[in-house]
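Printed here is run08.txt (compact mmCIF, C-alpha atoms and all ligand atoms):
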# COMPACT_ATOMS: atom_id res chain seq x y z
CA MET T 1 25.12 24.27 3.70
CA ASP T 2 28.56 23.96 5.24
CA SER T 3 31.06 23.07 2.49
CA ALA T 4 28.38 21.04 0.70
CA ALA T 5 30.56 20.77 -2.42
CA SER T 6 33.06 18.57 -0.61
CA ARG T 7 30.29 16.25 0.56
CA LEU T 8 28.47 15.66 -2.71
CA SER T 9 27.16 12.13 -3.14
CA TRP T 10 28.09 11.33 -6.74
CA THR T 11 26.38 7.93 -6.53
CA ASN T 12 23.08 9.62 -5.77
CA ILE T 13 23.60 12.43 -8.29
CA LEU T 14 24.50 10.07 -11.14
CA PHE T 15 21.65 7.65 -10.37
CA PHE T 16 19.20 10.55 -10.11
CA ALA T 17 20.40 11.97 -13.46
CA ALA T 18 20.34 8.55 -15.18
CA ALA T 19 16.81 7.82 -13.92
CA HIS T 20 15.59 11.17 -15.29
CA LEU T 21 17.26 10.55 -18.67
CA LEU T 22 15.55 7.15 -18.82
CA ALA T 23 12.25 8.86 -17.91
CA VAL T 24 12.72 11.13 -20.95
CA ALA T 25 13.54 8.04 -23.03
CA ALA T 26 10.22 6.56 -21.80
CA LEU T 27 8.33 9.59 -23.16
CA VAL T 28 10.12 9.27 -26.51
CA HIS T 29 9.30 5.54 -26.60
CA LEU T 30 5.62 6.28 -25.89
CA ALA T 31 5.54 8.93 -28.63
CA LEU T 32 7.08 6.57 -31.20
CA ASP T 33 5.37 3.31 -30.22
CA PHE T 34 2.35 4.07 -28.04
CA SER T 35 0.70 1.27 -26.07
CA TRP T 36 -2.25 1.64 -23.70
CA TRP T 37 -1.02 -1.50 -21.92
CA THR T 38 2.37 0.07 -21.24
CA LEU T 39 0.84 3.35 -20.11
CA GLY T 40 -1.65 1.46 -17.92
CA LEU T 41 1.14 -0.55 -16.32
CA ALA T 42 3.06 2.64 -15.55
CA ALA T 43 -0.06 4.18 -13.97
CA ALA T 44 -0.69 1.02 -11.92
CA TRP T 45 2.93 0.97 -10.75
CA LEU T 46 2.72 4.63 -9.79
CA VAL T 47 -0.30 3.90 -7.60
CA LEU T 48 1.11 0.69 -6.08
CA CYS T 49 4.54 2.20 -5.33
CA GLY T 50 3.10 5.53 -4.22
CA LEU T 51 0.71 3.94 -1.73
CA SER T 52 3.47 1.67 -0.44
CA ILE T 53 5.37 4.78 0.59
CA THR T 54 2.43 6.80 1.95
CA ALA T 55 0.44 4.00 3.66
CA GLY T 56 3.42 1.71 4.28
CA TYR T 57 6.72 3.50 4.85
CA HIS T 58 5.02 6.59 6.28
CA ARG T 59 1.77 5.69 8.05
CA HIS T 60 2.62 2.13 9.05
CA PHE T 61 6.38 1.90 9.64
CA ALA T 62 7.48 5.47 10.47
CA HIS T 63 4.31 6.26 12.44
CA PRO T 64 2.54 3.14 13.72
CA THR T 65 -0.93 4.51 12.94
CA HIS T 66 -2.41 1.10 12.09
CA LYS T 67 -1.58 -2.57 12.29
CA ALA T 68 -1.42 -4.60 9.08
CA ALA T 69 -1.54 -8.30 8.14
CA TRP T 70 1.67 -9.78 6.74
CA PRO T 71 0.53 -9.76 3.09
CA VAL T 72 -0.10 -6.01 3.39
CA ARG T 73 3.31 -5.51 5.02
CA VAL T 74 4.94 -7.54 2.23
CA PHE T 75 3.11 -5.34 -0.31
CA TYR T 76 4.37 -2.19 1.46
CA LEU T 77 7.95 -3.48 1.56
CA PHE T 78 8.08 -4.91 -1.99
CA PHE T 79 6.69 -1.90 -3.84
CA GLY T 80 8.37 0.42 -1.33
CA ALA T 81 11.71 -1.03 -2.48
CA ALA T 82 10.83 -0.11 -6.10
CA SER T 83 10.42 3.48 -4.95
CA VAL T 84 14.20 3.83 -4.39
CA GLN T 85 13.91 5.78 -1.13
CA HIS T 86 16.07 3.51 1.05
CA SER T 87 14.73 0.64 3.10
CA ALA T 88 11.68 1.12 5.33
CA LEU T 89 14.01 0.95 8.34
CA LYS T 90 16.22 3.84 7.16
CA TRP T 91 13.28 5.83 5.81
CA ALA T 92 11.43 5.54 9.12
CA ALA T 93 14.52 6.56 11.13
CA ASP T 94 15.10 9.65 8.93
CA HIS T 95 11.43 10.52 9.09
CA ARG T 96 11.25 10.26 12.87
CA ASP T 97 14.24 12.64 12.95
CA HIS T 98 12.30 14.99 10.68
CA HIS T 99 9.38 15.04 13.11
CA ALA T 100 11.52 15.33 16.24
CA LEU T 101 13.73 18.10 14.82
CA THR T 102 11.46 19.88 12.32
CA ASP T 103 13.03 23.15 11.13
CA GLU T 104 16.04 22.58 13.38
CA GLU T 105 19.62 21.47 12.88
CA GLY T 106 19.40 17.72 12.40
CA ASP T 107 16.17 17.76 10.34
CA PRO T 108 17.26 15.67 7.30
CA TYR T 109 15.17 17.78 4.89
CA ASP T 110 15.11 21.10 6.75
CA ALA T 111 12.66 23.41 4.90
CA ARG T 112 14.40 26.52 6.31
CA LYS T 113 17.21 25.87 3.82
CA GLY T 114 14.84 26.56 0.93
CA PHE T 115 12.81 24.72 -1.68
CA TRP T 116 15.65 23.03 -3.58
CA TRP T 117 17.43 21.81 -0.48
CA SER T 118 14.32 20.22 1.04
CA HIS T 119 13.18 18.89 -2.36
CA ILE T 120 16.34 17.23 -3.71
CA GLY T 121 19.43 19.02 -2.39
CA TRP T 122 19.62 16.90 0.74
CA ILE T 123 19.82 13.76 -1.43
CA PHE T 124 22.79 15.12 -3.40
CA VAL T 125 25.10 15.32 -0.38
CA GLU T 126 26.60 12.51 1.63
CA ASP T 127 24.15 11.22 4.23
CA ARG T 128 24.97 12.76 7.59
CA HIS T 129 22.37 10.57 9.24
CA PRO T 130 23.77 7.04 9.50
CA LEU T 131 21.06 4.58 10.48
CA ASP T 132 20.35 5.01 14.19
CA LEU T 133 18.54 1.88 15.35
CA GLY T 134 17.70 3.69 18.57
CA LEU T 135 15.15 5.70 16.55
CA VAL T 136 13.38 2.57 15.28
CA PRO T 137 13.53 -0.03 18.09
CA ASP T 138 10.04 -1.27 17.20
CA LEU T 139 11.12 -2.03 13.60
CA ALA T 140 14.68 -3.25 14.16
CA GLY T 141 13.51 -6.68 15.38
CA ASP T 142 10.85 -7.18 12.70
CA PRO T 143 11.99 -10.05 10.40
CA LEU T 144 10.21 -8.69 7.30
CA VAL T 145 11.64 -5.20 7.79
CA ARG T 146 15.13 -6.61 8.40
CA PHE T 147 14.91 -8.81 5.29
CA GLN T 148 13.93 -5.82 3.17
CA HIS T 149 16.75 -3.74 4.66
CA ARG T 150 19.35 -6.44 3.92
CA HIS T 151 18.19 -7.03 0.33
CA ILE T 152 16.96 -3.56 -0.58
CA VAL T 153 18.89 -3.27 -3.86
CA LEU T 154 17.87 -6.73 -5.10
CA LEU T 155 14.23 -6.13 -4.17
CA GLY T 156 14.32 -2.69 -5.78
CA VAL T 157 15.61 -4.14 -9.07
CA LEU T 158 13.05 -6.96 -8.95
CA ALA T 159 10.03 -4.76 -8.18
CA GLY T 160 11.14 -1.70 -10.14
CA CYS T 161 12.71 -3.25 -13.26
CA VAL T 162 12.44 -7.03 -13.69
CA LEU T 163 8.73 -7.43 -12.90
CA PRO T 164 7.52 -4.53 -15.10
CA ALA T 165 9.70 -5.72 -18.00
CA ALA T 166 8.43 -9.30 -17.57
CA LEU T 167 4.81 -8.07 -17.61
CA GLY T 168 5.61 -6.03 -20.74
CA LEU T 169 6.56 -9.27 -22.49
CA LEU T 170 2.85 -10.21 -22.36
CA TRP T 171 2.06 -7.53 -24.99
CA GLY T 172 5.45 -7.46 -26.67
CA ASP T 173 6.81 -4.25 -25.13
CA PRO T 174 9.27 -5.20 -22.36
CA ILE T 175 11.54 -2.20 -23.03
CA GLY T 176 8.63 0.24 -22.98
CA ALA T 177 7.30 -1.34 -19.77
CA LEU T 178 10.73 -1.07 -18.15
CA LEU T 179 11.17 2.56 -19.22
CA CYS T 180 7.61 3.69 -18.37
CA ALA T 181 6.68 1.65 -15.27
CA GLY T 182 10.30 1.59 -14.12
CA PHE T 183 11.84 5.00 -14.71
CA LEU T 184 9.12 7.43 -15.82
CA ARG T 185 7.06 6.22 -12.84
CA LEU T 186 10.09 6.52 -10.55
CA ALA T 187 10.84 10.12 -11.56
CA LEU T 188 7.20 11.16 -11.08
CA GLN T 189 6.94 9.34 -7.77
CA TRP T 190 10.19 10.84 -6.47
CA HIS T 191 9.00 14.40 -7.13
CA ALA T 192 5.65 13.64 -5.49
CA THR T 193 7.39 12.32 -2.36
CA PHE T 194 9.95 15.13 -2.37
CA SER T 195 7.18 17.72 -2.57
CA ILE T 196 6.00 16.57 0.87
CA ASN T 197 9.38 17.69 2.23
CA SER T 198 9.45 20.91 0.18
CA LEU T 199 6.03 22.23 -0.92
CA ALA T 200 4.14 20.82 2.09
CA HIS T 201 6.37 22.97 4.31
CA MET T 202 5.83 26.10 2.18
CA LEU T 203 2.44 26.11 0.46
CA GLY T 204 -0.89 26.30 2.28
CA THR T 205 -2.36 27.09 5.66
CA GLN T 206 -1.58 26.22 9.28
CA PRO T 207 -4.93 25.49 10.93
CA TYR T 208 -3.68 23.17 13.68
CA SER T 209 -0.23 24.39 14.70
CA ARG T 210 2.26 27.14 14.04
CA GLN T 211 5.03 25.39 15.91
CA CYS T 212 6.68 24.33 12.63
CA SER T 213 6.60 25.17 8.93
CA ALA T 214 4.29 22.26 7.90
CA ARG T 215 1.21 23.34 5.93
CA ASP T 216 -2.11 21.98 4.71
CA SER T 217 -2.80 22.25 0.99
CA TRP T 218 -5.19 20.33 -1.27
CA VAL T 219 -2.80 21.04 -4.15
CA THR T 220 0.01 19.04 -2.54
CA ALA T 221 -2.49 16.43 -1.34
CA LEU T 222 -3.56 15.87 -4.95
CA VAL T 223 -0.09 14.78 -6.10
CA THR T 224 0.91 12.91 -2.92
CA PHE T 225 -2.02 10.54 -2.32
CA GLY T 226 -3.24 12.75 0.52
CA GLU T 227 -0.01 13.64 2.29
CA GLY T 228 -0.50 17.36 1.59
CA TYR T 229 -2.47 17.88 4.80
CA HIS T 230 0.90 18.16 6.42
CA ASN T 231 0.12 20.73 9.11
CA TYR T 232 -2.46 18.35 10.58
CA HIS T 233 0.02 15.49 10.23
CA HIS T 234 2.82 17.30 12.08
CA ARG T 235 0.38 18.25 14.86
CA PHE T 236 -1.12 14.73 15.11
CA PRO T 237 1.35 12.27 13.52
CA GLY T 238 -0.29 9.31 15.26
CA ASP T 239 -3.51 9.62 13.21
CA TYR T 240 -3.85 7.27 10.21
CA ARG T 241 -5.57 10.12 8.38
CA ASN T 242 -3.77 13.19 7.06
CA GLY T 243 -6.84 14.74 5.44
CA VAL T 244 -9.02 14.64 8.52
CA ARG T 245 -12.29 15.85 6.98
CA TRP T 246 -14.32 13.29 5.02
CA TYR T 247 -14.04 15.34 1.83
CA HIS T 248 -10.27 15.81 2.04
CA PHE T 249 -8.52 14.03 -0.85
CA ASP T 250 -6.59 11.35 1.01
CA PRO T 251 -6.55 8.05 -0.94
CA THR T 252 -4.03 6.69 1.57
CA LYS T 253 -6.53 6.90 4.45
CA TRP T 254 -9.24 5.40 2.20
CA LEU T 255 -6.97 2.44 1.38
CA ILE T 256 -6.13 1.82 5.06
CA PHE T 257 -9.83 2.18 5.98
CA LEU T 258 -11.07 -0.16 3.22
CA ALA T 259 -8.40 -2.73 4.12
CA SER T 260 -9.68 -2.63 7.71
CA LYS T 261 -13.13 -3.68 6.46
CA VAL T 262 -11.65 -7.02 5.32
CA ARG T 263 -9.40 -7.33 8.41
CA LEU T 264 -6.19 -6.70 6.48
CA THR T 265 -5.54 -3.67 8.70
CA TRP T 266 -6.81 -2.98 12.21
CA ASP T 267 -6.33 -0.72 15.26
CA LEU T 268 -6.63 2.39 13.09
CA ARG T 269 -5.65 5.29 15.34
CA ARG T 270 -7.73 8.48 15.20
CA ILE T 271 -7.29 11.64 17.24
CA PRO T 272 -10.65 12.47 18.93
CA ALA T 273 -12.58 15.22 17.15
CA ALA T 274 -12.71 17.31 20.35
CA THR T 275 -8.89 17.32 20.63
CA ILE T 276 -8.58 18.39 16.99
CA GLU T 277 -11.07 21.21 17.54
CA VAL T 278 -9.16 22.46 20.58
CA ALA T 279 -5.97 22.66 18.48
CA ARG T 280 -7.82 24.46 15.67
CA ALA T 281 -9.52 26.90 18.06
CA ARG T 282 -6.22 27.66 19.76
CA VAL T 283 -4.58 28.57 16.44
CA ALA T 284 -7.66 30.50 15.26
CA GLY T 285 -7.39 32.65 18.39
CA MET T 286 -3.89 33.77 17.42
CA GLU T 287 -2.99 36.75 15.26
CA PRO T 288 -3.10 35.92 11.51
CA ARG T 289 0.23 35.78 9.76
CA ALA T 290 0.98 38.11 6.88
CA GLY T 291 0.13 36.53 3.52
CA GLU T 292 -1.59 33.49 4.99
CA ALA T 293 -5.03 34.51 3.73
CA SER T 294 -3.85 34.22 0.12
CA SER T 295 -2.64 30.63 0.49
CA PRO T 296 -4.81 27.78 -0.82
CA GLU T 297 -6.42 25.55 1.80
ZN ZN D 1 7.19 17.40 7.31
ZN ZN D 2 5.28 11.87 9.15

Taking this structure as input, can you express it in the form of structure tokens?
Ligand SMILES: [Zn+2]
Ligand SMILES: [Zn+2]
Amino acid sequence: MDSAASRLSWTNILFFAAAHLLAVAALVHLALDFSWWTLGLAAAWLVLCGLSITAGYHRHFAHPTHKAAWPVRVFYLFFGAASVQHSALKWAADHRDHHALTDEEGDPYDARKGFWWSHIGWIFVEDRHPLDLGLVPDLAGDPLVRFQHRHIVLLGVLAGCVLPAALGLLWGDPIGALLCAGFLRLALQWHATFSINSLAHMLGTQPYSRQCSARDSWVTALVTFGEGYHNYHHRFPGDYRNGVRWYHFDPTKWLIFLASKVRLTWDLRRIPAATIEVARARVAGMEPRAGEASSPE
């Protein structure tokens, strides 16, 4: 980290700290004035926002693994804004950099710099990756994506604060709804997303490629709506599935698949099974790495 102290992003650090304090306030509020409605809303928001990032920002915008009808794209963009991870345009550009430069200088969340850097450290310093539209030419002309990019703060406040608080009015707990579905949900969702950049490059096995640090782990998949099969994903980023086996826990692929049954998504891209087996066999033929056998699959 070259002179990271001089490049700290105080806006990000203060917002991150404030959001976590409000998440703690949400827990206190729940302990003092518990409501199943408020807890249910927070859980629903966690699922809606989480899937908007995994199915939307990641598997639709960053990697065009499926096509989606406009209501689905609006859903991805609206709840994606509540996730406070930049606009889809910026997120996709950063993520394409991550795939092109994995474990190299220029990887925005380079796992070689350790757990804390790839988890949250990279957010605490000034962004050295100004939006490069050359990385996202397919998205730059999309009117919905451009609208979200222009109004990302307003949309984030609407989807992440105003709407949950308004729903909370229905059962007389707008403050609890704001704290729980707004900030407790946000803190949990952040750490789930960040663990894809940190844990998914450190914990698990490498059945498909050893070209980069990405790893497959059901543990990370469990908390990331299926994104923990990250070794497969780095080897075949064009596949709408990350957990490629039918029994792999990947709610994101199930959502995209179910939506395709009612024509809300289509052109789901799958890597042929034979190609996947060739990659697996090639890696299996290599020498095992020290310690790999003890990692969870
Ligand atoms: Zn990765
Ligand atoms: Zn990706």

Taking a cut-off of 12 Å and counting all atoms listed in the file, can you build a table that, for each residue of chain T near ligand ZN 1 (chain D), reports the nearest atom pair and how far apart they are in Å (one decimal), sorted by chain then residue number, as JSON lines?
{"residue": "T:His58", "atom": "CA", "partner": "D:ZN1", "partner_atom": "ZN", "distance": 11.1}
{"residue": "T:Asp94", "atom": "CA", "partner": "D:ZN1", "partner_atom": "ZN", "distance": 11.2}
{"residue": "T:His95", "atom": "CA", "partner": "D:ZN1", "partner_atom": "ZN", "distance": 8.3}
{"residue": "T:Arg96", "atom": "CA", "partner": "D:ZN1", "partner_atom": "ZN", "distance": 9.9}
{"residue": "T:Asp97", "atom": "CA", "partner": "D:ZN1", "partner_atom": "ZN", "distance": 10.2}
{"residue": "T:His98", "atom": "CA", "partner": "D:ZN1", "partner_atom": "ZN", "distance": 6.6}
{"residue": "T:His99", "atom": "CA", "partner": "D:ZN1", "partner_atom": "ZN", "distance": 6.6}
{"residue": "T:Ala100", "atom": "CA", "partner": "D:ZN1", "partner_atom": "ZN", "distance": 10.1}
{"residue": "T:Leu101", "atom": "CA", "partner": "D:ZN1", "partner_atom": "ZN", "distance": 10.0}
{"residue": "T:Thr102", "atom": "CA", "partner": "D:ZN1", "partner_atom": "ZN", "distance": 7.0}
{"residue": "T:Asp103", "atom": "CA", "partner": "D:ZN1", "partner_atom": "ZN", "distance": 9.0}
{"residue": "T:Glu104", "atom": "CA", "partner": "D:ZN1", "partner_atom": "ZN", "distance": 11.9}
{"residue": "T:Asp107", "atom": "CA", "partner": "D:ZN1", "partner_atom": "ZN", "distance": 9.5}
{"residue": "T:Pro108", "atom": "CA", "partner": "D:ZN1", "partner_atom": "ZN", "distance": 10.2}
{"residue": "T:Tyr109", "atom": "CA", "partner": "D:ZN1", "partner_atom": "ZN", "distance": 8.3}
{"residue": "T:Asp110", "atom": "CA", "partner": "D:ZN1", "partner_atom": "ZN", "distance": 8.8}
{"residue": "T:Ala111", "atom": "CA", "partner": "D:ZN1", "partner_atom": "ZN", "distance": 8.5}
{"residue": "T:Arg112", "atom": "CA", "partner": "D:ZN1", "partner_atom": "ZN", "distance": 11.7}
{"residue": "T:Ser118", "atom": "CA", "partner": "D:ZN1", "partner_atom": "ZN", "distance": 9.9}
{"residue": "T:His119", "atom": "CA", "partner": "D:ZN1", "partner_atom": "ZN", "distance": 11.5}
{"residue": "T:Thr193", "atom": "CA", "partner": "D:ZN1", "partner_atom": "ZN", "distance": 10.9}
{"residue": "T:Phe194", "atom": "CA", "partner": "D:ZN1", "partner_atom": "ZN", "distance": 10.3}
{"residue": "T:Ser195", "atom": "CA", "partner": "D:ZN1", "partner_atom": "ZN", "distance": 9.9}
{"residue": "T:Ile196", "atom": "CA", "partner": "D:ZN1", "partner_atom": "ZN", "distance": 6.6}
{"residue": "T:Asn197", "atom": "CA", "partner": "D:ZN1", "partner_atom": "ZN", "distance": 5.5}
{"residue": "T:Ser198", "atom": "CA", "partner": "D:ZN1", "partner_atom": "ZN", "distance": 8.3}
{"residue": "T:Leu199", "atom": "CA", "partner": "D:ZN1", "partner_atom": "ZN", "distance": 9.6}
{"residue": "T:Ala200", "atom": "CA", "partner": "D:ZN1", "partner_atom": "ZN", "distance": 6.9}
{"residue": "T:His201", "atom": "CA", "partner": "D:ZN1", "partner_atom": "ZN", "distance": 6.4}
{"residue": "T:Met202", "atom": "CA", "partner": "D:ZN1", "partner_atom": "ZN", "distance": 10.2}
{"residue": "T:Gln211", "atom": "CA", "partner": "D:ZN1", "partner_atom": "ZN", "distance": 11.9}
{"residue": "T:Cys212", "atom": "CA", "partner": "D:ZN1", "partner_atom": "ZN", "distance": 8.8}
{"residue": "T:Ser213", "atom": "CA", "partner": "D:ZN1", "partner_atom": "ZN", "distance": 8.0}
{"residue": "T:Ala214", "atom": "CA", "partner": "D:ZN1", "partner_atom": "ZN", "distance": 5.7}
{"residue": "T:Arg215", "atom": "CA", "partner": "D:ZN1", "partner_atom": "ZN", "distance": 8.5}
{"residue": "T:Asp216", "atom": "CA", "partner": "D:ZN1", "partner_atom": "ZN", "distance": 10.7}
{"residue": "T:Glu227", "atom": "CA", "partner": "D:ZN1", "partner_atom": "ZN", "distance": 9.5}
{"residue": "T:Gly228", "atom": "CA", "partner": "D:ZN1", "partner_atom": "ZN", "distance": 9.6}
{"residue": "T:Tyr229", "atom": "CA", "partner": "D:ZN1", "partner_atom": "ZN", "distance": 10.0}
{"residue": "T:His230", "atom": "CA", "partner": "D:ZN1", "partner_atom": "ZN", "distance": 6.4}
{"residue": "T:Asn231", "atom": "CA", "partner": "D:ZN1", "partner_atom": "ZN", "distance": 8.0}
{"residue": "T:Tyr232", "atom": "CA", "partner": "D:ZN1", "partner_atom": "ZN", "distance": 10.2}
{"residue": "T:His233", "atom": "CA", "partner": "D:ZN1", "partner_atom": "ZN", "distance": 8.0}
{"residue": "T:His234", "atom": "CA", "partner": "D:ZN1", "partner_atom": "ZN", "distance": 6.5}
{"residue": "T:Arg235", "atom": "CA", "partner": "D:ZN1", "partner_atom": "ZN", "distance": 10.2}
{"residue": "T:Phe236", "atom": "CA", "partner": "D:ZN1", "partner_atom": "ZN", "distance": 11.7}
{"residue": "T:Pro237", "atom": "CA", "partner": "D:ZN1", "partner_atom": "ZN", "distance": 9.9}
{"residue": "T:Asn242", "atom": "CA", "partner": "D:ZN1", "partner_atom": "ZN", "distance": 11.7}

Legend entry - Shortest interatomic distance to ligand ZN 2 (chain D) - which of T:Trp36, T:Phe61, T:Phe124, T:Trp116, counting only C-alpha atoms and all ligand atoms: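 The closest residue to ligand ZN 2 (chain D) is T:Phe61.
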
Inset, instruction - Quick one: pull the distance between CA of Glu277 in chain T and CA of Trp246 in chain T, Å, one decimal. - result: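 It comes out at 15.2 Å.
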
Inset, instruction - Point out the residue among T:Val74, T:Leu39, T:Val125, T:Leu32 with the least atom-to-atom distance to Leu14 in chain T, counting all atoms listed in the file. - result: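 Residue with the minimum atom-to-atom distance to Leu14 in chain T: T:Val125.
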
Inset, instruction - Kindly provide, as a ChimeraX atom specification, the polymer residues lying within 12 Å of (-7.3, 3.4, -9.3), counting only C-alpha atoms and using the coordinates exactly as they appear in the file. - result: /T:40-41,43-48,50-51,225,251-252,254-255

Inset, instruction - Extract, using all atoms listed in the file, all DNA, RNA and protein residues at most 9 Å from Ala177 in chain T, discarding same-chain residues fewer than 6 positions from it, and format them as a PyMOL selection string. - result: chain T and resi 26+37-39+41-42+161+164-169

Inset, instruction - Grab the CA of Ala62 in chain T to CA of Leu144 in chain T distance for me, in Å with one decimal place. - result: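 One can read the CA of Ala62 in chain T to CA of Leu144 in chain T distance as 14.8 Å.
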
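Compared by their closest atoms to ligand ZN 2 (chain D), and using all atoms listed in the file, the residues T:Trp171, T:Phe257, T:Trp190, T:Tyr57 rank with T:Tyr57 nearest.
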
Inset, instruction - Pick out the closest residue to Ser209 in chain T from this set: T:Pro130, T:Gly285, T:Gly80, T:Gly106. Count all atoms listed in the file. - result: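 The closest residue to Ser209 in chain T is T:Gly285.
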
Inset, instruction - Between T:Ile271, T:Ala92, T:Leu179, T:Val28, single out the one closest to His149 in chain T, counting all atoms listed in the file. - result: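 The answer is T:Ala92, which sits nearest to His149 in chain T.
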
Inset, instruction - Choose the residue, out of T:His20, T:Thr54, T:Arg210, T:Thr224, that has the smallest atom-to-atom separation from ligand ZN 2 (chain D); count all atoms listed in the file. - result: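 Of the candidates, the smallest distance to ligand ZN 2 (chain D) is held by T:Thr54.
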
Legend entry - Separation of CA of Ser87 in chain T from CA of Leu8 in chain T in Å: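 Separation of CA of Leu8 in chain T and CA of Ser87 in chain T: 21.2 Å.
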
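Around the point (10.8, -5.2, -7.2), within 10 Å and counting all atoms listed in the file, we find these residues: T:Cys49, T:Leu77, T:Phe78, T:Phe79, T:Gly80, T:Ala81, T:Ala82, T:Ser83, T:Ile152, T:Val153, T:Leu154, T:Leu155, T:Gly156, T:Val157, T:Leu158, T:Ala159, T:Gly160, T:Cys161, T:Val162, T:Leu163, T:Pro164, T:Gly182.
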
Inset, instruction - Within 6 Å of Leu264 in chain T, counting all atoms listed in the file, which residues show up once you throw out same-chain ones fewer than 2 positions away? Write them as a list in words, please. - result: Ala68, Ala69, Ala259, Ser260 and Val262 of chain T
